[in-house]
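K.L.:
Take a look at the following structure, please.
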Amino acid sequence: MASAAPSPFLQIDKLTKAFGALKAVDAVSFSVSEGEILGIAGPNGSGKSTLFNIITNIPFRADSGRTVFKGREIQSLANHDIARLGLARTFQRETVFPTLRSIDNVLLAVENGGHAGAKRDNEARAEAALDLTGFPATMHNTPAGGLPIFHRKLVMIAGALALDPAVVLLDEPAASLTEGEIDKMRTLILKLRDAGTTILLIEHVLPLLTSVSDRLIVLDQGTLISEGTPGDVIADPRVVEAYLGGAA
Ligand SMILES: Nc1ncnc2c1ncn2[C@@H]1O[C@H](COP(=O)(O)OP(=O)(O)OP(=O)(O)O)[C@@H](O)[C@H]1O
Ligand SMILES: [Mg+2]
């Protein structure tokens, strides 16, 4: 006899966000298993970053739809409560404070992310997160503005990891990186997954996206147009059309 299917680890159900007449995310639904890397592709302006915004409620929430994490609806919670429950994100645009030391950038993320404890505990958390990314210990005191782009990205990722998330949402971590740095980013993403972290990964660098993702979803003009294994999705005529249409 068939038993009831367990509820998915993370379920996105018809999430929608409009800016005036523009539906940036239009009734998008998908689910994510625990420990999975879900890749998110789509042409520029297709709604990928907006999707992360409305899942994390940073900086704004969805107009409608539900986000269910471990059986609990979280779409209406304050963003620090969503972070405390275990969902942490990075941003596509740079979010480091250039004059602050690298370690203080991560510390600030801890203090803003719903995990604030005693100062010494927060500092230990920030240091451990930087170490986890492979960020050199010799650079903890370097102002973030003086770091190469790869290291600034590690500081941003450490800010998310310092919240000890069950789910990390990475928005284009490989943008502007060299091939060698992209390889290091791949290694970091797989290391996080191997440690049990569930990962949602937005990325235009397709060799990275297809090599690490267990499954892919593709957005086009706010709607989900394809979902499946990387091989199947990349070959999907709707996906090819969406990318070619955008390039035309
Ligand atoms: N705060 C906002 N106010 C108004 N329009 C917005 C806002 N944020 C995004 N948009 C619009 O919503 C659409 C989706 O934008 P979004 O940034 O989510 O796309 P994206 O898939 O992340 O693109 P890219 O690959 O270029 O990062 C675009 O048309 C964008 O101009
Ligand atoms: Mg984006």
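Ordering of the structure tokens sets the chain letters (A, B, ...), residue numbers begin anew at 1 in every chain, and ligands are numbered from 1 in the order given.
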For the interface of chain A with ligand 2 (cut-off 8 Å, counting only C-alpha atoms and all ligand atoms), please tabulate each contacting residue of chain A alongside its nearest pair of atoms and their separation in Å to one decimal, rows sorted by chain and increasing number, as CSV.

P.N.:
residue,atom,partner,partner_atom_place_in_ligand_line,distance
A:Asn44,CA,ligand 2,1 (Mg),7.0
A:Gly45,CA,ligand 2,1 (Mg),6.9
A:Gly47,CA,ligand 2,1 (Mg),7.0
A:Lys48,CA,ligand 2,1 (Mg),5.4
A:Ser49,CA,ligand 2,1 (Mg),4.0
A:Thr50,CA,ligand 2,1 (Mg),7.2
A:Gln92,CA,ligand 2,1 (Mg),6.1
A:Asp171,CA,ligand 2,1 (Mg),6.8
A:Glu172,CA,ligand 2,1 (Mg),7.4
A:Ile202,CA,ligand 2,1 (Mg),7.7

K.L.:
Take the selection from the previous step and output its residues with all heavy atoms, as a PDB file, in the first residue's frame.

P.N.:
ATOM      1  N   ASN A  44      18.834  37.209 -18.505  1.00  0.00           N
ATOM      2  CA  ASN A  44      18.814  38.423 -17.684  1.00  0.00           C
ATOM      3  C   ASN A  44      17.382  38.923 -17.534  1.00  0.00           C
ATOM      4  O   ASN A  44      16.613  38.935 -18.499  1.00  0.00           O
ATOM      5  CB  ASN A  44      19.651  39.540 -18.332  1.00  0.00           C
ATOM      6  CG  ASN A  44      21.137  39.204 -18.362  1.00  0.00           C
ATOM      7  OD1 ASN A  44      21.723  39.100 -19.432  1.00  0.00           O
ATOM      8  ND2 ASN A  44      21.719  38.998 -17.205  1.00  0.00           N
ATOM      9  N   GLY A  45      17.025  39.293 -16.307  1.00  0.00           N
ATOM     10  CA  GLY A  45      15.705  39.863 -16.069  1.00  0.00           C
ATOM     11  C   GLY A  45      14.593  38.840 -15.979  1.00  0.00           C
ATOM     12  O   GLY A  45      13.415  39.192 -15.972  1.00  0.00           O
ATOM     13  N   GLY A  47      13.865  36.933 -13.448  1.00  0.00           N
ATOM     14  CA  GLY A  47      13.240  36.851 -12.129  1.00  0.00           C
ATOM     15  C   GLY A  47      14.007  36.056 -11.096  1.00  0.00           C
ATOM     16  O   GLY A  47      13.510  35.827  -9.988  1.00  0.00           O
ATOM     17  N   LYS A  48      15.235  35.653 -11.429  1.00  0.00           N
ATOM     18  CA  LYS A  48      16.004  34.773 -10.536  1.00  0.00           C
ATOM     19  C   LYS A  48      16.314  35.457  -9.194  1.00  0.00           C
ATOM     20  O   LYS A  48      16.061  34.892  -8.130  1.00  0.00           O
ATOM     21  CB  LYS A  48      17.312  34.334 -11.223  1.00  0.00           C
ATOM     22  CG  LYS A  48      17.101  33.656 -12.586  1.00  0.00           C
ATOM     23  CD  LYS A  48      18.397  33.243 -13.236  1.00  0.00           C
ATOM     24  CE  LYS A  48      19.362  34.379 -13.544  1.00  0.00           C
ATOM     25  NZ  LYS A  48      18.852  35.357 -14.532  1.00  0.00           N
ATOM     26  N   SER A  49      16.870  36.670  -9.275  1.00  0.00           N
ATOM     27  CA  SER A  49      17.216  37.352  -8.016  1.00  0.00           C
ATOM     28  C   SER A  49      15.960  37.723  -7.238  1.00  0.00           C
ATOM     29  O   SER A  49      15.945  37.649  -5.994  1.00  0.00           O
ATOM     30  CB  SER A  49      18.044  38.610  -8.298  1.00  0.00           C
ATOM     31  OG  SER A  49      19.278  38.262  -8.872  1.00  0.00           O
ATOM     32  N   THR A  50      14.917  38.109  -7.955  1.00  0.00           N
ATOM     33  CA  THR A  50      13.656  38.442  -7.276  1.00  0.00           C
ATOM     34  C   THR A  50      13.121  37.219  -6.535  1.00  0.00           C
ATOM     35  O   THR A  50      12.586  37.339  -5.428  1.00  0.00           O
ATOM     36  CB  THR A  50      12.623  38.957  -8.297  1.00  0.00           C
ATOM     37  OG1 THR A  50      13.179  40.083  -8.980  1.00  0.00           O
ATOM     38  CG2 THR A  50      11.326  39.361  -7.609  1.00  0.00           C
ATOM     39  N   GLN A  92      23.703  39.270  -5.488  1.00  0.00           N
ATOM     40  CA  GLN A  92      24.379  39.395  -6.778  1.00  0.00           C
ATOM     41  C   GLN A  92      25.285  40.624  -6.774  1.00  0.00           C
ATOM     42  O   GLN A  92      26.439  40.557  -7.176  1.00  0.00           O
ATOM     43  CB  GLN A  92      23.304  39.514  -7.856  1.00  0.00           C
ATOM     44  CG  GLN A  92      23.815  39.699  -9.261  1.00  0.00           C
ATOM     45  CD  GLN A  92      22.658  39.626 -10.253  1.00  0.00           C
ATOM     46  OE1 GLN A  92      21.507  39.378  -9.877  1.00  0.00           O
ATOM     47  NE2 GLN A  92      22.959  39.849 -11.505  1.00  0.00           N
ATOM     48  N   ASP A 171      23.598  33.843  -5.139  1.00  0.00           N
ATOM     49  CA  ASP A 171      23.199  34.555  -6.355  1.00  0.00           C
ATOM     50  C   ASP A 171      24.437  34.947  -7.159  1.00  0.00           C
ATOM     51  O   ASP A 171      25.124  35.907  -6.844  1.00  0.00           O
ATOM     52  CB  ASP A 171      22.387  35.806  -5.977  1.00  0.00           C
ATOM     53  CG  ASP A 171      21.639  36.390  -7.188  1.00  0.00           C
ATOM     54  OD1 ASP A 171      21.949  36.009  -8.329  1.00  0.00           O
ATOM     55  OD2 ASP A 171      20.742  37.230  -6.955  1.00  0.00           O
ATOM     56  N   GLU A 172      24.729  34.165  -8.169  1.00  0.00           N
ATOM     57  CA  GLU A 172      25.854  34.379  -9.085  1.00  0.00           C
ATOM     58  C   GLU A 172      27.207  34.492  -8.377  1.00  0.00           C
ATOM     59  O   GLU A 172      27.929  35.480  -8.542  1.00  0.00           O
ATOM     60  CB  GLU A 172      25.598  35.615  -9.967  1.00  0.00           C
ATOM     61  CG  GLU A 172      24.360  35.445 -10.839  1.00  0.00           C
ATOM     62  CD  GLU A 172      24.331  36.405 -12.025  1.00  0.00           C
ATOM     63  OE1 GLU A 172      25.420  36.764 -12.506  1.00  0.00           O
ATOM     64  OE2 GLU A 172      23.233  36.791 -12.443  1.00  0.00           O
ATOM     65  N   ILE A 202      21.985  30.351  -8.194  1.00  0.00           N
ATOM     66  CA  ILE A 202      21.750  31.093  -9.437  1.00  0.00           C
ATOM     67  C   ILE A 202      23.100  31.326 -10.083  1.00  0.00           C
ATOM     68  O   ILE A 202      24.029  31.811  -9.429  1.00  0.00           O
ATOM     69  CB  ILE A 202      21.099  32.471  -9.153  1.00  0.00           C
ATOM     70  CG1 ILE A 202      19.718  32.323  -8.541  1.00  0.00           C
ATOM     71  CG2 ILE A 202      21.040  33.296 -10.438  1.00  0.00           C
ATOM     72  CD1 ILE A 202      19.098  33.652  -8.102  1.00  0.00           C
TER      73      ILE A 202
END

K.L.:
Given a cut-off of 12 Å, what residues near ligand 1 show up using only C-alpha atoms and all ligand atoms, put as a ChimeraX atom specification?

P.N.:
/A:16-26,40-54,58-61,91-93,170-173,175,201-205,218-224,243,246

K.L.:
Once you count only C-alpha atoms, what closest atom pair and distance in Å to one decimal does each residue of region 82-109 of chain A within 7 Å of region 162-167 of chain A have, with rows by chain and rising residue number, as a tab-separated table?

P.N.:
residue	atom	partner	partner_atom	distance
A:Gly86	CA	A:Pro165	CA	4.3
A:Leu87	CA	A:Val167	CA	4.8
A:Ala88	CA	A:Pro165	CA	5.9

K.L.:
How about saving the chosen residues, all heavy atoms kept, as a JSON list (two decimals), in the first residue's frame?

P.N.:
[["chain", "number", "residue", "atom", "x", "y", "z"],
["A", 86, "GLY", "N", 17.03, 29.04, 9.26],
["A", 86, "GLY", "CA", 18.05, 28.28, 8.53],
["A", 86, "GLY", "C", 18.20, 28.60, 7.05],
["A", 86, "GLY", "O", 18.85, 27.85, 6.33],
["A", 87, "LEU", "N", 17.62, 29.72, 6.57],
["A", 87, "LEU", "CA", 17.81, 30.09, 5.17],
["A", 87, "LEU", "C", 18.64, 31.37, 5.11],
["A", 87, "LEU", "O", 18.24, 32.40, 5.66],
["A", 87, "LEU", "CB", 16.47, 30.34, 4.45],
["A", 87, "LEU", "CG", 15.69, 29.09, 4.05],
["A", 87, "LEU", "CD1", 14.90, 28.54, 5.24],
["A", 87, "LEU", "CD2", 14.74, 29.38, 2.90],
["A", 88, "ALA", "N", 19.79, 31.29, 4.46],
["A", 88, "ALA", "CA", 20.67, 32.46, 4.36],
["A", 88, "ALA", "C", 21.07, 32.68, 2.91],
["A", 88, "ALA", "O", 21.24, 31.72, 2.16],
["A", 88, "ALA", "CB", 21.91, 32.27, 5.22]]

K.L.:
For Val106 (chain A), which residue out of A:Leu177, A:Met156, A:Val32, A:Leu169 is the nearest one, using only C-alpha atoms?

P.N.:
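Under the stated criterion, the closest residue is A:Met156.
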
K.L.:
One decimal, in Å: what's the spacing between CA of Leu10 (chain A) and CA of Val68 (chain A)?

P.N.:
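Spanning CA of Leu10 (chain A) to CA of Val68 (chain A) is a straight-line distance of 5.8 Å.
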
K.L.:
Would you mind reading off the distance between CA of His151 (chain A) and CA of Gly114 (chain A), one decimal, in Å?

P.N.:
24.6 Å

K.L.:
Taking only C-alpha atoms into account, which of A:Gly39, A:Ala109, A:Pro148, A:Ile12 comes nearest Thr95 (chain A)?

P.N.:
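Between A:Gly39, A:Ala109, A:Pro148, A:Ile12, the residue approaching Thr95 (chain A) most closely is A:Ala109.
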
K.L.:
Where in region 41-179 of chain A does DSSP assign strand (DSSP E or B), given as a VMD selection string?

P.N.:
chain A and resid 41 64 to 69 72 to 73 87 to 89 101 143 167 to 171

K.L.:
With distances taken over only C-alpha atoms, which residue among A:Thr197, A:Asp13, A:Ser211, A:Ile217 lies nearest Val239 (chain A)?

P.N.:
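Smallest distance to Val239 (chain A) is found for A:Ile217.
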
K.L.:
I'd like the contact shell of region 116-123 of chain A - 7 Å cut-off, only C-alpha atoms, skipping same-chain residues fewer than 5 positions apart - returned as a PyMOL selection string.

P.N.:
chain A and resi 107+110-111

K.L.:
Create the file for the chosen residues now, containing C-alpha atoms and written as a short mmCIF file (atom, residue, chain, number, x, y, z; two decimals), in the first residue's frame.

P.N.:
data_model
loop_
_atom_site.label_atom_id
_atom_site.label_comp_id
_atom_site.auth_asym_id
_atom_site.auth_seq_id
_atom_site.Cartn_x
_atom_site.Cartn_y
_atom_site.Cartn_z
CA LEU A 107 30.52 39.90 12.18
CA VAL A 110 26.03 37.64 12.18
CA GLU A 111 24.65 40.54 14.21
#

K.L.:
If you run DSSP on this backbone, which residues of region 81-206 of chain A come out as alpha helix (DSSP H), and could you give them as a PyMOL selection string?

P.N.:
chain A and resi 81-85+102-112+119-133+149-161+179-194+206

K.L.:
Identify, on the basis of only C-alpha atoms, every residue whose closest approach to region 128-133 of chain A does not exceed 6 Å; exclude the query and any residue fewer than 2 positions from it along the same chain; express the result as an mmCIF file with N, CA and C atoms, in the first residue's frame.

P.N.:
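This is the output file around_27.cif:
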data_model
loop_
_atom_site.group_PDB
_atom_site.id
_atom_site.type_symbol
_atom_site.label_atom_id
_atom_site.label_comp_id
_atom_site.auth_asym_id
_atom_site.auth_seq_id
_atom_site.Cartn_x
_atom_site.Cartn_y
_atom_site.Cartn_z
ATOM 1 N N ARG A 125 32.223 32.758 15.593
ATOM 2 C CA ARG A 125 31.359 32.314 14.500
ATOM 3 C C ARG A 125 31.831 32.914 13.175
ATOM 4 N N ALA A 126 32.164 34.206 13.200
ATOM 5 C CA ALA A 126 32.614 34.899 11.982
ATOM 6 C C ALA A 126 33.951 34.328 11.508
ATOM 7 N N PHE A 135 39.089 31.373 3.102
ATOM 8 C CA PHE A 135 39.618 32.739 3.142
ATOM 9 C C PHE A 135 40.881 32.752 4.010
ATOM 10 N N ALA A 158 30.818 33.978 3.456
ATOM 11 C CA ALA A 158 31.048 33.722 4.889
ATOM 12 C C ALA A 158 29.965 34.389 5.733
ATOM 13 N N LEU A 161 27.225 31.952 5.673
ATOM 14 C CA LEU A 161 27.559 30.696 6.374
ATOM 15 C C LEU A 161 27.645 30.884 7.882
ATOM 16 N N ALA A 162 27.995 32.098 8.290
ATOM 17 C CA ALA A 162 28.137 32.371 9.728
ATOM 18 C C ALA A 162 26.805 32.241 10.458
#
